[in-house]
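Structure data (PDB, C-alpha atoms) from data-v4.pdb:
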```pdb
ATOM      1  CA  MET A  13     121.201  95.796  31.594  1.00  0.00           C
ATOM      2  CA  LYS A  14     124.942  95.332  31.959  1.00  0.00           C
ATOM      3  CA  ASP A  15     125.971  94.507  35.548  1.00  0.00           C
ATOM      4  CA  VAL A  16     129.120  96.613  35.915  1.00  0.00           C
ATOM      5  CA  GLN A  17     129.587  95.779  39.613  1.00  0.00           C
ATOM      6  CA  GLN A  18     129.935  92.097  38.736  1.00  0.00           C
ATOM      7  CA  GLN A  19     132.803  92.711  36.342  1.00  0.00           C
ATOM      8  CA  VAL A  20     136.051  90.902  37.180  1.00  0.00           C
ATOM      9  CA  ASP A  21     138.685  93.170  38.729  1.00  0.00           C
ATOM     10  CA  GLU A  22     142.209  92.292  37.621  1.00  0.00           C
ATOM     11  CA  ARG A  23     143.959  94.168  40.474  1.00  0.00           C
ATOM     12  CA  ASP A  24     143.213  91.292  42.880  1.00  0.00           C
ATOM     13  CA  ILE A  25     142.821  93.480  45.995  1.00  0.00           C
ATOM     14  CA  TYR A  26     140.499  92.428  48.836  1.00  0.00           C
ATOM     15  CA  LEU A  27     138.360  95.170  50.441  1.00  0.00           C
ATOM     16  CA  ASN A  28     137.548  94.745  54.123  1.00  0.00           C
ATOM     17  CA  GLU A  29     134.376  96.835  53.911  1.00  0.00           C
ATOM     18  CA  VAL A  30     132.339  98.541  51.219  1.00  0.00           C
ATOM     19  CA  GLY A  31     128.877  99.946  51.698  1.00  0.00           C
ATOM     20  CA  ILE A  32     126.741 102.949  52.578  1.00  0.00           C
ATOM     21  CA  LYS A  33     126.874 105.239  55.611  1.00  0.00           C
ATOM     22  CA  ASP A  34     124.769 107.980  57.204  1.00  0.00           C
ATOM     23  CA  LEU A  35     121.470 106.782  55.788  1.00  0.00           C
ATOM     24  CA  VAL A  36     118.802 108.454  57.939  1.00  0.00           C
ATOM     25  CA  PHE A  37     115.772 106.203  58.154  1.00  0.00           C
ATOM     26  CA  PRO A  38     112.763 105.565  60.442  1.00  0.00           C
ATOM     27  CA  ILE A  39     113.064 102.446  62.586  1.00  0.00           C
ATOM     28  CA  GLU A  40     111.176 100.744  65.403  1.00  0.00           C
ATOM     29  CA  ILE A  41     112.869  99.646  68.643  1.00  0.00           C
ATOM     30  CA  LYS A  42     111.200  97.318  71.123  1.00  0.00           C
ATOM     31  CA  ASN A  43     110.643  98.709  74.631  1.00  0.00           C
ATOM     32  CA  LYS A  44     111.172  96.594  77.719  1.00  0.00           C
ATOM     33  CA  ASP A  45     107.378  96.449  78.110  1.00  0.00           C
ATOM     34  CA  GLY A  46     107.118  94.734  74.706  1.00  0.00           C
ATOM     35  CA  LYS A  47     105.847  97.696  72.682  1.00  0.00           C
ATOM     36  CA  TRP A  48     107.582  99.123  69.624  1.00  0.00           C
ATOM     37  CA  GLN A  49     108.879 102.712  69.732  1.00  0.00           C
ATOM     38  CA  THR A  50     109.300 104.665  66.497  1.00  0.00           C
ATOM     39  CA  THR A  51     112.430 106.788  66.115  1.00  0.00           C
ATOM     40  CA  HIS A  52     114.936 107.510  63.364  1.00  0.00           C
ATOM     41  CA  ALA A  53     118.469 106.215  63.022  1.00  0.00           C
ATOM     42  CA  ARG A  54     121.653 107.078  61.182  1.00  0.00           C
ATOM     43  CA  ILE A  55     122.575 103.777  59.563  1.00  0.00           C
ATOM     44  CA  SER A  56     125.680 102.282  57.967  1.00  0.00           C
ATOM     45  CA  LEU A  57     125.646  98.923  56.156  1.00  0.00           C
ATOM     46  CA  SER A  58     128.610  97.185  54.571  1.00  0.00           C
ATOM     47  CA  VAL A  59     130.137  93.907  53.393  1.00  0.00           C
ATOM     48  CA  ASP A  60     133.577  92.654  52.511  1.00  0.00           C
ATOM     49  CA  LEU A  61     134.400  92.457  48.801  1.00  0.00           C
ATOM     50  CA  ASP A  62     136.133  89.602  47.009  1.00  0.00           C
ATOM     51  CA  PRO A  63     139.360  90.599  45.172  1.00  0.00           C
ATOM     52  CA  SER A  64     137.916  89.437  41.866  1.00  0.00           C
ATOM     53  CA  GLN A  65     134.731  91.560  42.069  1.00  0.00           C
ATOM     54  CA  ARG A  66     134.813  95.169  40.916  1.00  0.00           C
ATOM     55  CA  GLY A  67     132.057  96.526  43.134  1.00  0.00           C
ATOM     56  CA  THR A  68     129.063  95.729  45.291  1.00  0.00           C
ATOM     57  CA  HIS A  69     125.394  96.582  44.694  1.00  0.00           C
ATOM     58  CA  MET A  70     124.860  99.585  46.965  1.00  0.00           C
ATOM     59  CA  SER A  71     121.114  99.943  46.283  1.00  0.00           C
ATOM     60  CA  ARG A  72     120.479  96.527  47.799  1.00  0.00           C
ATOM     61  CA  PHE A  73     121.478  97.854  51.222  1.00  0.00           C
ATOM     62  CA  VAL A  74     118.612 100.370  51.125  1.00  0.00           C
ATOM     63  CA  ASP A  75     116.200  97.696  49.924  1.00  0.00           C
ATOM     64  CA  ILE A  76     117.150  95.488  52.863  1.00  0.00           C
ATOM     65  CA  ILE A  77     116.778  98.167  55.544  1.00  0.00           C
ATOM     66  CA  GLN A  78     113.399  99.192  54.106  1.00  0.00           C
ATOM     67  CA  GLU A  79     112.219  95.611  54.475  1.00  0.00           C
ATOM     68  CA  ASN A  80     113.623  95.264  58.022  1.00  0.00           C
ATOM     69  CA  ASN A  81     112.871  98.474  59.938  1.00  0.00           C
ATOM     70  CA  GLN A  82     111.962  96.683  63.190  1.00  0.00           C
ATOM     71  CA  ILE A  83     115.239  96.369  65.038  1.00  0.00           C
ATOM     72  CA  ASP A  84     116.115  93.877  67.772  1.00  0.00           C
ATOM     73  CA  LEU A  85     118.837  91.256  68.131  1.00  0.00           C
ATOM     74  CA  LYS A  86     116.992  88.625  66.100  1.00  0.00           C
ATOM     75  CA  HIS A  87     116.166  91.079  63.313  1.00  0.00           C
ATOM     76  CA  ILE A  88     119.749  92.355  63.160  1.00  0.00           C
ATOM     77  CA  LYS A  89     121.212  88.865  62.859  1.00  0.00           C
ATOM     78  CA  ASN A  90     118.688  87.925  60.161  1.00  0.00           C
ATOM     79  CA  MET A  91     119.378  91.163  58.304  1.00  0.00           C
ATOM     80  CA  LEU A  92     123.127  90.526  58.265  1.00  0.00           C
ATOM     81  CA  ALA A  93     122.513  87.039  56.869  1.00  0.00           C
ATOM     82  CA  VAL A  94     120.260  88.473  54.147  1.00  0.00           C
ATOM     83  CA  ILE A  95     122.903  91.076  53.271  1.00  0.00           C
ATOM     84  CA  GLN A  96     125.509  88.357  52.817  1.00  0.00           C
ATOM     85  CA  GLU A  97     123.173  86.315  50.641  1.00  0.00           C
ATOM     86  CA  LYS A  98     122.015  89.159  48.399  1.00  0.00           C
ATOM     87  CA  LEU A  99     125.465  90.671  47.962  1.00  0.00           C
ATOM     88  CA  GLY A 100     127.454  87.446  47.789  1.00  0.00           C
ATOM     89  CA  ALA A 101     129.681  88.392  50.745  1.00  0.00           C
ATOM     90  CA  LYS A 102     131.395  86.427  53.497  1.00  0.00           C
ATOM     91  CA  LYS A 103     131.116  89.208  56.098  1.00  0.00           C
ATOM     92  CA  SER A 104     128.436  91.825  56.782  1.00  0.00           C
ATOM     93  CA  PHE A 105     128.311  94.814  59.120  1.00  0.00           C
ATOM     94  CA  ILE A 106     125.694  97.204  60.485  1.00  0.00           C
ATOM     95  CA  GLU A 107     125.794 100.342  62.648  1.00  0.00           C
ATOM     96  CA  LEU A 108     122.785 102.311  63.883  1.00  0.00           C
ATOM     97  CA  GLU A 109     122.772 105.474  65.995  1.00  0.00           C
ATOM     98  CA  PHE A 110     119.466 106.741  67.362  1.00  0.00           C
ATOM     99  CA  GLU A 111     117.690 108.542  70.194  1.00  0.00           C
ATOM    100  CA  TYR A 112     115.634 106.356  72.517  1.00  0.00           C
ATOM    101  CA  PHE A 113     112.919 107.810  74.765  1.00  0.00           C
ATOM    102  CA  ILE A 114     112.049 106.615  78.255  1.00  0.00           C
ATOM    103  CA  LYS A 115     109.107 107.766  80.374  1.00  0.00           C
ATOM    104  CA  LYS A 116     110.206 109.223  83.706  1.00  0.00           C
ATOM    105  CA  GLU A 117     108.123 110.192  86.689  1.00  0.00           C
ATOM    106  CA  ALA A 118     109.188 113.205  88.728  1.00  0.00           C
ATOM    107  CA  PRO A 119     110.062 112.170  92.311  1.00  0.00           C
ATOM    108  CA  VAL A 120     107.506 114.314  94.189  1.00  0.00           C
ATOM    109  CA  SER A 121     104.862 115.694  91.808  1.00  0.00           C
ATOM    110  CA  LYS A 122     104.803 112.411  89.842  1.00  0.00           C
ATOM    111  CA  LYS A 123     104.578 114.413  86.611  1.00  0.00           C
ATOM    112  CA  VAL A 124     105.477 112.179  83.661  1.00  0.00           C
ATOM    113  CA  SER A 125     107.827 113.297  80.909  1.00  0.00           C
ATOM    114  CA  PHE A 126     110.294 111.731  78.489  1.00  0.00           C
ATOM    115  CA  ILE A 127     114.067 111.593  78.705  1.00  0.00           C
ATOM    116  CA  ASN A 128     116.135 110.801  75.630  1.00  0.00           C
ATOM    117  CA  VAL A 129     119.274 108.673  75.688  1.00  0.00           C
ATOM    118  CA  GLY A 130     121.689 108.172  72.820  1.00  0.00           C
ATOM    119  CA  VAL A 131     122.063 104.579  71.625  1.00  0.00           C
ATOM    120  CA  LYS A 132     124.429 102.929  69.164  1.00  0.00           C
ATOM    121  CA  TYR A 133     124.149  99.380  67.845  1.00  0.00           C
ATOM    122  CA  LYS A 134     127.050  97.683  66.061  1.00  0.00           C
ATOM    123  CA  ALA A 135     126.905  94.132  64.765  1.00  0.00           C
ATOM    124  CA  TRP A 136     128.852  91.975  62.359  1.00  0.00           C
ATOM    125  CA  LEU A 137     128.447  88.488  60.956  1.00  0.00           C
ATOM    126  CA  GLY A 138     131.260  86.349  59.600  1.00  0.00           C
ATOM    127  CA  GLU A 139     132.281  83.016  60.993  1.00  0.00           C
ATOM    128  CA  THR A 140     130.591  84.192  64.213  1.00  0.00           C
ATOM    129  CA  PHE A 141     127.978  86.812  65.141  1.00  0.00           C
ATOM    130  CA  GLU A 142     128.908  89.744  67.382  1.00  0.00           C
ATOM    131  CA  PHE A 143     126.613  92.436  68.793  1.00  0.00           C
ATOM    132  CA  GLU A 144     127.697  95.609  70.598  1.00  0.00           C
ATOM    133  CA  MET A 145     125.469  98.242  72.190  1.00  0.00           C
ATOM    134  CA  THR A 146     126.371 101.639  73.632  1.00  0.00           C
ATOM    135  CA  VAL A 147     123.946 103.648  75.764  1.00  0.00           C
ATOM    136  CA  ASN A 148     124.694 107.262  76.747  1.00  0.00           C
ATOM    137  CA  THR A 149     122.744 108.404  79.800  1.00  0.00           C
ATOM    138  CA  PRO A 150     122.731 111.970  81.183  1.00  0.00           C
ATOM    139  CA  ALA A 151     123.000 112.313  84.949  1.00  0.00           C
ATOM    140  CA  THR A 152     124.159 114.711  87.674  1.00  0.00           C
ATOM    141  CA  THR A 153     127.448 114.579  89.574  1.00  0.00           C
ATOM    142  CA  LEU A 154     128.100 116.602  92.718  1.00  0.00           C
ATOM    143  CA  CYS A 155     131.722 117.069  93.757  1.00  0.00           C
ATOM    144  CA  PRO A 156     132.607 115.433  97.120  1.00  0.00           C
ATOM    145  CA  CYS A 157     135.645 117.697  97.503  1.00  0.00           C
ATOM    146  CA  SER A 158     133.589 120.844  96.933  1.00  0.00           C
ATOM    147  CA  LYS A 159     131.016 119.675  99.469  1.00  0.00           C
ATOM    148  CA  GLU A 160     133.735 118.946 102.029  1.00  0.00           C
ATOM    149  CA  ILE A 161     135.564 122.271 101.792  1.00  0.00           C
ATOM    150  CA  SER A 162     132.707 124.718 101.068  1.00  0.00           C
ATOM    151  CA  GLU A 163     130.698 126.501 103.691  1.00  0.00           C
ATOM    152  CA  PHE A 164     127.740 126.792 101.329  1.00  0.00           C
ATOM    153  CA  SER A 165     126.588 124.028  98.979  1.00  0.00           C
ATOM    154  CA  ALA A 166     128.868 122.324  96.406  1.00  0.00           C
ATOM    155  CA  HIS A 167     129.400 122.556  92.671  1.00  0.00           C
ATOM    156  CA  ASN A 168     127.458 120.112  90.554  1.00  0.00           C
ATOM    157  CA  GLN A 169     126.996 119.540  86.854  1.00  0.00           C
ATOM    158  CA  ARG A 170     125.543 117.290  84.223  1.00  0.00           C
ATOM    159  CA  ALA A 171     127.554 114.240  83.232  1.00  0.00           C
ATOM    160  CA  ASN A 172     127.318 111.609  80.530  1.00  0.00           C
ATOM    161  CA  ILE A 173     127.589 107.946  81.448  1.00  0.00           C
ATOM    162  CA  SER A 174     128.427 105.733  78.488  1.00  0.00           C
ATOM    163  CA  ILE A 175     128.154 101.961  78.817  1.00  0.00           C
ATOM    164  CA  THR A 176     129.216  99.737  75.937  1.00  0.00           C
ATOM    165  CA  VAL A 177     128.441  96.026  76.203  1.00  0.00           C
ATOM    166  CA  ARG A 178     129.316  93.262  73.769  1.00  0.00           C
ATOM    167  CA  SER A 179     127.115  90.197  74.002  1.00  0.00           C
ATOM    168  CA  ASN A 180     125.206  87.647  71.957  1.00  0.00           C
ATOM    169  CA  GLU A 181     122.303  88.014  74.390  1.00  0.00           C
ATOM    170  CA  PHE A 182     119.893  90.938  74.128  1.00  0.00           C
ATOM    171  CA  ILE A 183     120.244  93.601  76.821  1.00  0.00           C
ATOM    172  CA  TRP A 184     117.488  96.106  77.483  1.00  0.00           C
ATOM    173  CA  ILE A 185     118.361  99.769  77.052  1.00  0.00           C
ATOM    174  CA  GLU A 186     116.309 100.558  80.163  1.00  0.00           C
ATOM    175  CA  ASP A 187     118.527  98.287  82.299  1.00  0.00           C
ATOM    176  CA  LEU A 188     121.704 100.158  81.335  1.00  0.00           C
ATOM    177  CA  VAL A 189     120.005 103.509  81.917  1.00  0.00           C
ATOM    178  CA  LYS A 190     118.953 102.438  85.424  1.00  0.00           C
ATOM    179  CA  ILE A 191     122.490 101.269  86.245  1.00  0.00           C
ATOM    180  CA  SER A 192     123.865 104.629  85.085  1.00  0.00           C
ATOM    181  CA  GLU A 193     121.342 106.703  87.023  1.00  0.00           C
ATOM    182  CA  ASP A 194     121.743 104.642  90.211  1.00  0.00           C
ATOM    183  CA  SER A 195     125.511 105.151  90.028  1.00  0.00           C
ATOM    184  CA  ALA A 196     125.402 108.956  89.756  1.00  0.00           C
ATOM    185  CA  SER A 197     124.613 111.666  92.295  1.00  0.00           C
ATOM    186  CA  SER A 198     121.146 112.053  90.783  1.00  0.00           C
ATOM    187  CA  PRO A 199     119.197 111.346  87.608  1.00  0.00           C
ATOM    188  CA  VAL A 200     118.114 114.235  85.383  1.00  0.00           C
ATOM    189  CA  TYR A 201     114.537 114.919  84.285  1.00  0.00           C
ATOM    190  CA  ALA A 202     112.774 116.803  81.512  1.00  0.00           C
ATOM    191  CA  LEU A 203     109.970 118.083  83.768  1.00  0.00           C
ATOM    192  CA  LEU A 204     110.389 119.105  87.406  1.00  0.00           C
ATOM    193  CA  LYS A 205     108.083 121.236  89.547  1.00  0.00           C
ATOM    194  CA  ARG A 206     109.505 123.179  92.501  1.00  0.00           C
ATOM    195  CA  PRO A 207     109.015 120.365  95.062  1.00  0.00           C
ATOM    196  CA  ASP A 208     110.809 118.029  92.610  1.00  0.00           C
ATOM    197  CA  GLU A 209     113.695 120.480  92.174  1.00  0.00           C
ATOM    198  CA  LYS A 210     114.101 120.667  95.958  1.00  0.00           C
ATOM    199  CA  TYR A 211     114.132 116.878  96.205  1.00  0.00           C
ATOM    200  CA  VAL A 212     116.590 116.358  93.339  1.00  0.00           C
ATOM    201  CA  THR A 213     118.966 119.077  94.560  1.00  0.00           C
ATOM    202  CA  GLU A 214     119.042 117.713  98.093  1.00  0.00           C
ATOM    203  CA  TYR A 215     119.311 114.124  96.854  1.00  0.00           C
ATOM    204  CA  ALA A 216     122.398 114.991  94.817  1.00  0.00           C
ATOM    205  CA  TYR A 217     123.908 116.813  97.802  1.00  0.00           C
ATOM    206  CA  GLU A 218     123.518 113.666  99.921  1.00  0.00           C
ATOM    207  CA  ASN A 219     125.105 111.525  97.170  1.00  0.00           C
ATOM    208  CA  PRO A 220     128.316 113.254  96.087  1.00  0.00           C
ATOM    209  CA  ARG A 221     130.235 111.465  93.335  1.00  0.00           C
ATOM    210  CA  PHE A 222     133.506 112.020  91.518  1.00  0.00           C
ATOM    211  CA  VAL A 223     133.605 110.669  87.958  1.00  0.00           C
ATOM    212  CA  GLU A 224     135.851 107.965  89.416  1.00  0.00           C
ATOM    213  CA  ASP A 225     133.113 107.042  91.901  1.00  0.00           C
ATOM    214  CA  VAL A 226     130.474 106.839  89.185  1.00  0.00           C
ATOM    215  CA  CYS A 227     132.675 104.690  86.957  1.00  0.00           C
ATOM    216  CA  ARG A 228     133.355 102.216  89.773  1.00  0.00           C
ATOM    217  CA  GLU A 229     129.692 102.128  90.817  1.00  0.00           C
ATOM    218  CA  VAL A 230     128.658 101.281  87.257  1.00  0.00           C
ATOM    219  CA  LYS A 231     131.166  98.418  87.171  1.00  0.00           C
ATOM    220  CA  ILE A 232     129.875  97.031  90.466  1.00  0.00           C
ATOM    221  CA  ARG A 233     126.291  97.052  89.197  1.00  0.00           C
ATOM    222  CA  LEU A 234     127.189  95.524  85.838  1.00  0.00           C
ATOM    223  CA  ASP A 235     129.028  92.702  87.604  1.00  0.00           C
ATOM    224  CA  GLU A 236     126.343  92.165  90.263  1.00  0.00           C
ATOM    225  CA  ASN A 237     123.575  91.984  87.660  1.00  0.00           C
ATOM    226  CA  LYS A 238     125.706  89.808  85.342  1.00  0.00           C
ATOM    227  CA  ILE A 239     124.739  92.056  82.432  1.00  0.00           C
ATOM    228  CA  ALA A 240     127.807  91.142  80.358  1.00  0.00           C
ATOM    229  CA  SER A 241     131.450  90.227  80.888  1.00  0.00           C
ATOM    230  CA  ARG A 242     132.648  92.364  77.976  1.00  0.00           C
ATOM    231  CA  TYR A 243     132.039  96.050  78.601  1.00  0.00           C
ATOM    232  CA  LYS A 244     133.505  99.541  78.523  1.00  0.00           C
ATOM    233  CA  ILE A 245     132.451 102.357  80.848  1.00  0.00           C
ATOM    234  CA  LEU A 246     133.197 106.015  80.154  1.00  0.00           C
ATOM    235  CA  VAL A 247     131.980 108.770  82.470  1.00  0.00           C
ATOM    236  CA  GLU A 248     132.471 112.398  81.483  1.00  0.00           C
ATOM    237  CA  SER A 249     131.587 115.316  83.744  1.00  0.00           C
ATOM    238  CA  PHE A 250     130.899 118.664  82.035  1.00  0.00           C
ATOM    239  CA  GLU A 251     132.500 120.703  84.779  1.00  0.00           C
ATOM    240  CA  SER A 252     130.667 123.809  85.974  1.00  0.00           C
ATOM    241  CA  ILE A 253     133.619 125.658  87.595  1.00  0.00           C
ATOM    242  CA  HIS A 254     136.485 124.489  85.352  1.00  0.00           C
ATOM    243  CA  ASN A 255     137.266 125.194  81.708  1.00  0.00           C
ATOM    244  CA  HIS A 256     137.815 121.494  81.097  1.00  0.00           C
ATOM    245  CA  ASN A 257     135.862 118.281  81.567  1.00  0.00           C
ATOM    246  CA  ALA A 258     136.748 115.343  83.803  1.00  0.00           C
ATOM    247  CA  PHE A 259     136.473 111.687  82.808  1.00  0.00           C
ATOM    248  CA  ALA A 260     137.073 108.144  84.013  1.00  0.00           C
ATOM    249  CA  LYS A 261     137.116 104.892  82.049  1.00  0.00           C
ATOM    250  CA  ILE A 262     137.034 101.161  82.746  1.00  0.00           C
ATOM    251  CA  ILE A 263     137.487  98.450  80.109  1.00  0.00           C
ATOM    252  CA  SER A 264     136.848  94.901  81.261  1.00  0.00           C
ATOM    253  CA  GLU A 265     139.561  92.339  80.667  1.00  0.00           C
ATOM    254  CA  ALA A 266     137.180  90.242  78.580  1.00  0.00           C
ATOM    255  CA  MET A 267     136.557  93.245  76.284  1.00  0.00           C
ATOM    256  CA  LEU A 268     140.281  93.519  75.565  1.00  0.00           C
ATOM    257  CA  LYS A 269     140.610  89.931  74.390  1.00  0.00           C
TER     258      LYS A 269
END
```

Rendering of file as C-alpha cells:
Amino acid sequence: MKDVQQQVDERDIYLNEVGIKDLVFPIEIKNKDGKWQTTHARISLSVDLDPSQRGTHMSRFVDIIQENNQIDLKHIKNMLAVIQEKLGAKKSFIELEFEYFIKKEAPVSKKVSFINVGVKYKAWLGETFEFEMTVNTPATTLCPCSKEISEFSAHNQRANISITVRSNEFIWIEDLVKISEDSASSPVYALLKRPDEKYVTEYAYENPRFVEDVCREVKIRLDENKIASRYKILVESFESIHNHNAFAKIISEAMLK
C-alpha cells in the first residue's frame, strides 16, 4: 500500500514533536521489594519530524507500548531508542501518568491498607537521555499559628507534597513518599480505627507545620539522602478555614540550569 506519511513535504518545516497523547493502557511498575505492580497509565509518545517528511507513523507508537508494558528506567530508555529506530527520528519523548499503591500499616491497630500516590514519568532521548519523575503524596499539615493562639486545638487539613526529580539514576517512588510524609505534620491513611485516629490526631498536634516548613523539611531530606541534585518541591495546603489554598515552592539551582 502507498506510504503517505513517507511522502516528501515541500514546505521544509521542522516539527519539534509529533505523536499520540492520552492513550490509557495497563502497565506494570516495579515495587521497591522487587515485585511488579499492575496499574494503568495515561501515556503520550512522540518524536521530532524531519522537514522533508510529511508525517510519522502513529500506529507504531501503540505497537511499541504494547510490547513494552513493564516500565522502569532501563525499559524506558530502551523504548525511546526503539521509537527512534522504528520512526526514523533523532529525538523521542514519553510521558506516563499513573496511580501507584503503597501498603501502609496503621500506627496502633496495625491494620494494613493501601494509599495511592500520583506519579508522572517524563523522559526524552536525543544526544543525551533525561528522566524526570514527579510523585504527589497526600499528608496532613497542622497550623503552628493556630495552635499558638487557640485555646482549643488547631486547624489542620490535607496537603499535597509534590517532588519532581531529574536524574539518570532510578529513584524509588517509596523513598520520595517517605520523605514527604516525614516532612509533614502527619501521614494520611486509608484505614484507621479509633485508637489510630487518636494517635494520628495527637501526632499532628505535636508536629505543627506551615507549608513553608514542609517545603524546607523536604529539601533537607532530599539533600541529606543525596536523592538528586536537580529537583522541584511544591507543597499545597487545602486550607480548612480559608477560601483559598496556601503553597510553597523550592527549585534547586541545578534544576534551573

task: Within 12 Å of Gln78 of chain A, counting all atoms listed in the file, which residues show up once you throw out same-chain ones fewer than 6 positions away? Write them as a PyMOL selection string, please.
output: chain A and resi 35-40+55+71-72+91

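Using all atoms listed in the file, the nearest neighbour of Thr176 of chain A within the list A:Ser264, A:Thr213, A:Ser121, A:Thr68 is A:Ser264.
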
Please expand the PyMOL selection byres ((chain A and resi 26) around 9) into the concrete residues it hits in this file, giving the result as an mmCIF file with C-alpha atoms, in the coordinates of the input.
```cif
data_model
loop_
_atom_site.group_PDB
_atom_site.id
_atom_site.type_symbol
_atom_site.label_atom_id
_atom_site.label_comp_id
_atom_site.auth_asym_id
_atom_site.auth_seq_id
_atom_site.Cartn_x
_atom_site.Cartn_y
_atom_site.Cartn_z
ATOM 1 C CA ASP A 24 143.213 91.292 42.880
ATOM 2 C CA ILE A 25 142.821 93.480 45.995
ATOM 3 C CA LEU A 27 138.360 95.170 50.441
ATOM 4 C CA ASN A 28 137.548 94.745 54.123
ATOM 5 C CA ASP A 60 133.577 92.654 52.511
ATOM 6 C CA LEU A 61 134.400 92.457 48.801
ATOM 7 C CA ASP A 62 136.133 89.602 47.009
ATOM 8 C CA PRO A 63 139.360 90.599 45.172
ATOM 9 C CA SER A 64 137.916 89.437 41.866
ATOM 10 C CA GLN A 65 134.731 91.560 42.069
#
```

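Within 8 Å of segment 163-169 of chain A, once only C-alpha atoms are used and residues closer than 3 positions along the same chain are dropped, the contacting residues are Thr152, Thr153, Leu154, Cys155, Pro156, Ser158, Lys159, Tyr217, Ser249, Phe250, Glu251, Ser252 and Ile253 of chain A.
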
Could you state which residues are captured by the PyMOL selection byres ((chain A and resi 182-199) around 9) in this file, as an mmCIF file with C-alpha atoms, in the coordinates of the input?
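Output file expr06.cif is given in full below:
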```
data_model
loop_
_atom_site.group_PDB
_atom_site.id
_atom_site.type_symbol
_atom_site.label_atom_id
_atom_site.label_comp_id
_atom_site.auth_asym_id
_atom_site.auth_seq_id
_atom_site.Cartn_x
_atom_site.Cartn_y
_atom_site.Cartn_z
ATOM 1 C CA ASN A 43 110.643 98.709 74.631
ATOM 2 C CA LYS A 44 111.172 96.594 77.719
ATOM 3 C CA ASP A 84 116.115 93.877 67.772
ATOM 4 C CA LEU A 85 118.837 91.256 68.131
ATOM 5 C CA LYS A 86 116.992 88.625 66.100
ATOM 6 C CA TYR A 112 115.634 106.356 72.517
ATOM 7 C CA ILE A 114 112.049 106.615 78.255
ATOM 8 C CA VAL A 129 119.274 108.673 75.688
ATOM 9 C CA VAL A 131 122.063 104.579 71.625
ATOM 10 C CA PHE A 143 126.613 92.436 68.793
ATOM 11 C CA MET A 145 125.469 98.242 72.190
ATOM 12 C CA THR A 146 126.371 101.639 73.632
ATOM 13 C CA VAL A 147 123.946 103.648 75.764
ATOM 14 C CA ASN A 148 124.694 107.262 76.747
ATOM 15 C CA THR A 149 122.744 108.404 79.800
ATOM 16 C CA PRO A 150 122.731 111.970 81.183
ATOM 17 C CA ALA A 151 123.000 112.313 84.949
ATOM 18 C CA THR A 152 124.159 114.711 87.674
ATOM 19 C CA THR A 153 127.448 114.579 89.574
ATOM 20 C CA LEU A 154 128.100 116.602 92.718
ATOM 21 C CA ALA A 171 127.554 114.240 83.232
ATOM 22 C CA ILE A 173 127.589 107.946 81.448
ATOM 23 C CA SER A 174 128.427 105.733 78.488
ATOM 24 C CA ILE A 175 128.154 101.961 78.817
ATOM 25 C CA VAL A 177 128.441 96.026 76.203
ATOM 26 C CA SER A 179 127.115 90.197 74.002
ATOM 27 C CA ASN A 180 125.206 87.647 71.957
ATOM 28 C CA GLU A 181 122.303 88.014 74.390
ATOM 29 C CA VAL A 200 118.114 114.235 85.383
ATOM 30 C CA TYR A 201 114.537 114.919 84.285
ATOM 31 C CA VAL A 212 116.590 116.358 93.339
ATOM 32 C CA THR A 213 118.966 119.077 94.560
ATOM 33 C CA TYR A 215 119.311 114.124 96.854
ATOM 34 C CA ALA A 216 122.398 114.991 94.817
ATOM 35 C CA TYR A 217 123.908 116.813 97.802
ATOM 36 C CA GLU A 218 123.518 113.666 99.921
ATOM 37 C CA ASN A 219 125.105 111.525 97.170
ATOM 38 C CA PRO A 220 128.316 113.254 96.087
ATOM 39 C CA ARG A 221 130.235 111.465 93.335
ATOM 40 C CA PHE A 222 133.506 112.020 91.518
ATOM 41 C CA VAL A 223 133.605 110.669 87.958
ATOM 42 C CA ASP A 225 133.113 107.042 91.901
ATOM 43 C CA VAL A 226 130.474 106.839 89.185
ATOM 44 C CA CYS A 227 132.675 104.690 86.957
ATOM 45 C CA ARG A 228 133.355 102.216 89.773
ATOM 46 C CA GLU A 229 129.692 102.128 90.817
ATOM 47 C CA VAL A 230 128.658 101.281 87.257
ATOM 48 C CA ARG A 233 126.291 97.052 89.197
ATOM 49 C CA LEU A 234 127.189 95.524 85.838
ATOM 50 C CA ILE A 239 124.739 92.056 82.432
ATOM 51 C CA ALA A 240 127.807 91.142 80.358
#
```

message: I'd like to know which of A:Asn172, A:Ala101, A:Glu160, A:Lys116 is closest to Glu139 of chain A, using only C-alpha atoms.
response: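 Distance minimum relative to Glu139 of chain A lands on A:Ala101.
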